[in-house]
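Notes follow once the structure below has been shown.
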Amino acid sequence: HQREDQELSINHQKLIDATIESIAQRGLGETTISHVSSLAGVSQGYAHFRFKSKENLLISSLQYLSNEYMESWSKIFEDKKLAPIDQLSKIIENDFHPRIASRKKIAVWFSFYSEVKFIPAYQSICQDQDQIYFEQFKRVLSDLIIFLQKNLEEDDKTGIGTLAAAYANRGIIKDRNKNYEEALKDYVKALGIDHESVAGPGLGTIILNYKFKSSSVRERALYLNEQLQLPEDERI
């Protein structure tokens with residue numbers, strides 16, 4: 001029974017890997033159980049038995065990618081021995097690591113995200129992962145802000161720029177979570193500390209899959225300030 005279970009597990013993973021390969025090559029629409037089975041070297045009957053439908057196969061593949069990504073950054077966020085700046089550095093390194101950000105996997109992520117609005121199962125998987133990631137990232141940024149406020153020298157231009165960027169990117173996370181008043185406070189704080197260092201789109205627009213157009217922190221702050229002056233039913 002143990003050998004049979006191992007074979008089932010191996011074949012299951014072969015099908016997941018082949019699905020990822022197929023989506024990268026052909027897209028979601030052209031990916032079929034028949035093609036995936038052929039790529040995996042697994043019988044089509046087994047694939048149907050295991051997953052029942054193409055949609056279940058796609059959902060399982062997305063869940064696999066989500067779990068893989070979550071496991072890669074969870075270890076970094078949970079490492080209490082790392083200073084906040086080191087955690088952020090490792091998170092960025094992780095997000096661009098070939099194992100996570102290969103051309104193939106990025107293509108697959110884009111394919112799924114393009115369908116998130118139309119398929120609740122995709123939306124649920126992506127939103128659950130994103131919410132955990134954003135909350136952890138916000139916590140590290142808050143820790144970094146506290147650390148820098150305690151340790152910055154007045155003539156440390158790099159440190160001052162980093163503090164401004166930390167406020168700006170924490171603002172982006174709050175903004176994404178529709179906490180607009182608090183986001184604006186962080187944007188204003190960032191601009192007050194060092195407006196030049198946050199002149200372009202924040203790092204969060206790149207790392208955090210930010211949903212708004214890539215405007216500058218100043219542009220976004222001005223827009224939010226204008227909107228928050230309006231009655232709620234008139235805001236865009």
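Following the order of the structure tokens, first chain is A, next is B, and so on, with residues numbered from 1 inside each chain and ligands from 1 in the order they appear.
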Segment 109-119 of chain A surroundings by only C-alpha atoms, 8 Å radius, close-in-sequence under 5 positions cut, as a PyMOL selection string: chain A and resi 23+27-28+62+126
Please save C-alpha atoms of the selected residues as an mmCIF file, in the first residue's frame.
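The new file selection.cif reads:
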data_model
loop_
_atom_site.group_PDB
_atom_site.id
_atom_site.type_symbol
_atom_site.label_atom_id
_atom_site.label_comp_id
_atom_site.auth_asym_id
_atom_site.auth_seq_id
_atom_site.Cartn_x
_atom_site.Cartn_y
_atom_site.Cartn_z
ATOM 1 C CA ILE A 23 -0.545 26.771 -19.123
ATOM 2 C CA GLY A 27 -2.708 29.342 -21.766
ATOM 3 C CA LEU A 28 -5.640 28.255 -19.595
ATOM 4 C CA LEU A 62 -2.945 27.106 -8.627
ATOM 5 C CA CYS A 126 -5.085 34.372 -4.510
#
Counting only C-alpha atoms, what are the residues of segment 16-61 of chain A within 9 Å of segment 96-106 of chain A, and for each of them which pair of atoms is the nearest and at what distance in Å, to one decimal? Sort the table by chain and rising number, as CSV.
residue,atom,partner,partner_atom,distance
A:Ile20,CA,A:Lys105,CA,7.4
A:Glu21,CA,A:Lys104,CA,7.2
A:Ile23,CA,A:Lys104,CA,8.7
A:Ala24,CA,A:Lys104,CA,5.4
A:Gln25,CA,A:Lys104,CA,8.2
Can you spit out the residues from that selection as a tab-separated table (two decimals), in the first residue's frame, using C-alpha atoms?
chain	number	residue	atom	x	y	z
A	20	ILE	CA	1.93	24.39	-15.13
A	21	GLU	CA	3.98	23.63	-18.25
A	23	ILE	CA	-0.55	26.77	-19.12
A	24	ALA	CA	2.78	28.51	-19.74
A	25	GLN	CA	2.86	27.18	-23.31
Filtered DSSP result for segment 83-199 of chain A, state alpha helix (DSSP H), as a ChimeraX atom specification: /A:84-95,98-101,103-113,120-151,157-176,180-194
Polymer residues at most 12 Å from Ile125 of chain A, only C-alpha atoms, same-chain spacing of 5 or more positions, as an MDAnalysis selection string: chainID A and resid 58:67 70 109 112:113 116 119:120 130:132
File dump, residues just selected, C-alpha atoms, as a PDB file, in the first residue's frame:
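Okay, out-v4.pdb is ready:
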ATOM      1  CA  LEU A  58      -6.373  23.915 -12.727  1.00  0.00           C
ATOM      2  CA  ILE A  59      -7.477  24.765  -9.190  1.00  0.00           C
ATOM      3  CA  SER A  60      -5.116  22.143  -7.744  1.00  0.00           C
ATOM      4  CA  SER A  61      -2.254  23.566  -9.801  1.00  0.00           C
ATOM      5  CA  LEU A  62      -2.945  27.106  -8.627  1.00  0.00           C
ATOM      6  CA  GLN A  63      -3.156  25.901  -5.027  1.00  0.00           C
ATOM      7  CA  TYR A  64       0.190  24.138  -5.464  1.00  0.00           C
ATOM      8  CA  LEU A  65       1.834  27.336  -6.761  1.00  0.00           C
ATOM      9  CA  SER A  66       0.263  29.358  -3.957  1.00  0.00           C
ATOM     10  CA  ASN A  67       1.466  26.922  -1.286  1.00  0.00           C
ATOM     11  CA  MET A  70       3.714  30.947   0.725  1.00  0.00           C
ATOM     12  CA  TRP A 109       0.452  33.418 -12.431  1.00  0.00           C
ATOM     13  CA  PHE A 112      -4.688  32.787 -13.339  1.00  0.00           C
ATOM     14  CA  TYR A 113      -4.810  36.423 -12.203  1.00  0.00           C
ATOM     15  CA  VAL A 116      -9.628  35.970 -10.907  1.00  0.00           C
ATOM     16  CA  ILE A 119     -13.708  32.350 -11.209  1.00  0.00           C
ATOM     17  CA  PRO A 120     -14.365  32.506  -7.427  1.00  0.00           C
ATOM     18  CA  ASP A 130      -2.159  37.988  -0.663  1.00  0.00           C
ATOM     19  CA  GLN A 131      -3.852  39.010   2.579  1.00  0.00           C
ATOM     20  CA  ILE A 132      -1.425  37.010   4.716  1.00  0.00           C
TER      21      ILE A 132
END
Length of the atom CA of Asn169 of chain A to atom CA of Glu71 of chain A vector [Å]: 22.8 Å
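Distance check against Trp73 of chain A using only C-alpha atoms: of A:Ala40, A:Gly45, A:Glu232, A:Phe137, the minimum falls on A:Phe137.
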Nearby residues (only C-alpha atoms) at most 8 Å from Gln44 of chain A, same-chain spacing under 5 positions excluded, as a ChimeraX atom specification: /A:33-34,37-38
Segment 140-144 of chain A environment, 7 Å, only C-alpha atoms, sequence neighbours closer than 3 positions dropped, as a PyMOL selection string: chain A and resi 84-85+136-137+147-148+166+170
Next, the residues of the selection above should be written as an mmCIF file, in the first residue's frame with N, CA, C and O atoms.
data_model
loop_
_atom_site.group_PDB
_atom_site.id
_atom_site.type_symbol
_atom_site.label_atom_id
_atom_site.label_comp_id
_atom_site.auth_asym_id
_atom_site.auth_seq_id
_atom_site.Cartn_x
_atom_site.Cartn_y
_atom_site.Cartn_z
ATOM 1 N N PRO A 84 14.682 43.718 10.774
ATOM 2 C CA PRO A 84 13.668 44.060 9.766
ATOM 3 C C PRO A 84 14.243 44.316 8.377
ATOM 4 O O PRO A 84 13.688 43.858 7.380
ATOM 5 N N ILE A 85 15.365 45.033 8.294
ATOM 6 C CA ILE A 85 15.949 45.339 6.986
ATOM 7 C C ILE A 85 16.439 44.067 6.302
ATOM 8 O O ILE A 85 16.352 43.924 5.070
ATOM 9 N N GLN A 136 1.916 40.466 6.843
ATOM 10 C CA GLN A 136 3.275 40.183 7.310
ATOM 11 C C GLN A 136 4.238 41.268 6.844
ATOM 12 O O GLN A 136 5.103 41.730 7.592
ATOM 13 N N PHE A 137 4.095 41.673 5.589
ATOM 14 C CA PHE A 137 4.965 42.702 5.028
ATOM 15 C C PHE A 137 4.772 44.029 5.759
ATOM 16 O O PHE A 137 5.739 44.736 6.061
ATOM 17 N N PHE A 147 12.670 50.794 14.229
ATOM 18 C CA PHE A 147 14.129 50.623 14.338
ATOM 19 C C PHE A 147 14.864 51.853 13.820
ATOM 20 O O PHE A 147 15.789 52.363 14.466
ATOM 21 N N LEU A 148 14.462 52.341 12.651
ATOM 22 C CA LEU A 148 15.147 53.488 12.055
ATOM 23 C C LEU A 148 14.921 54.757 12.867
ATOM 24 O O LEU A 148 15.836 55.572 13.031
ATOM 25 N N ALA A 166 9.937 53.152 3.643
ATOM 26 C CA ALA A 166 9.182 52.241 4.507
ATOM 27 C C ALA A 166 7.781 52.792 4.762
ATOM 28 O O ALA A 166 6.784 52.057 4.694
ATOM 29 N N ARG A 170 4.373 51.021 3.320
ATOM 30 C CA ARG A 170 3.326 50.648 4.268
ATOM 31 C C ARG A 170 2.020 51.333 3.875
ATOM 32 O O ARG A 170 0.933 50.744 3.980
#
One-decimal distance in Å that lies between atom CA of Gly171 of chain A and atom CA of Asp186 of chain A: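 Atom-to-atom, atom CA of Asp186 of chain A to atom CA of Gly171 of chain A, that is 5.0 Å.
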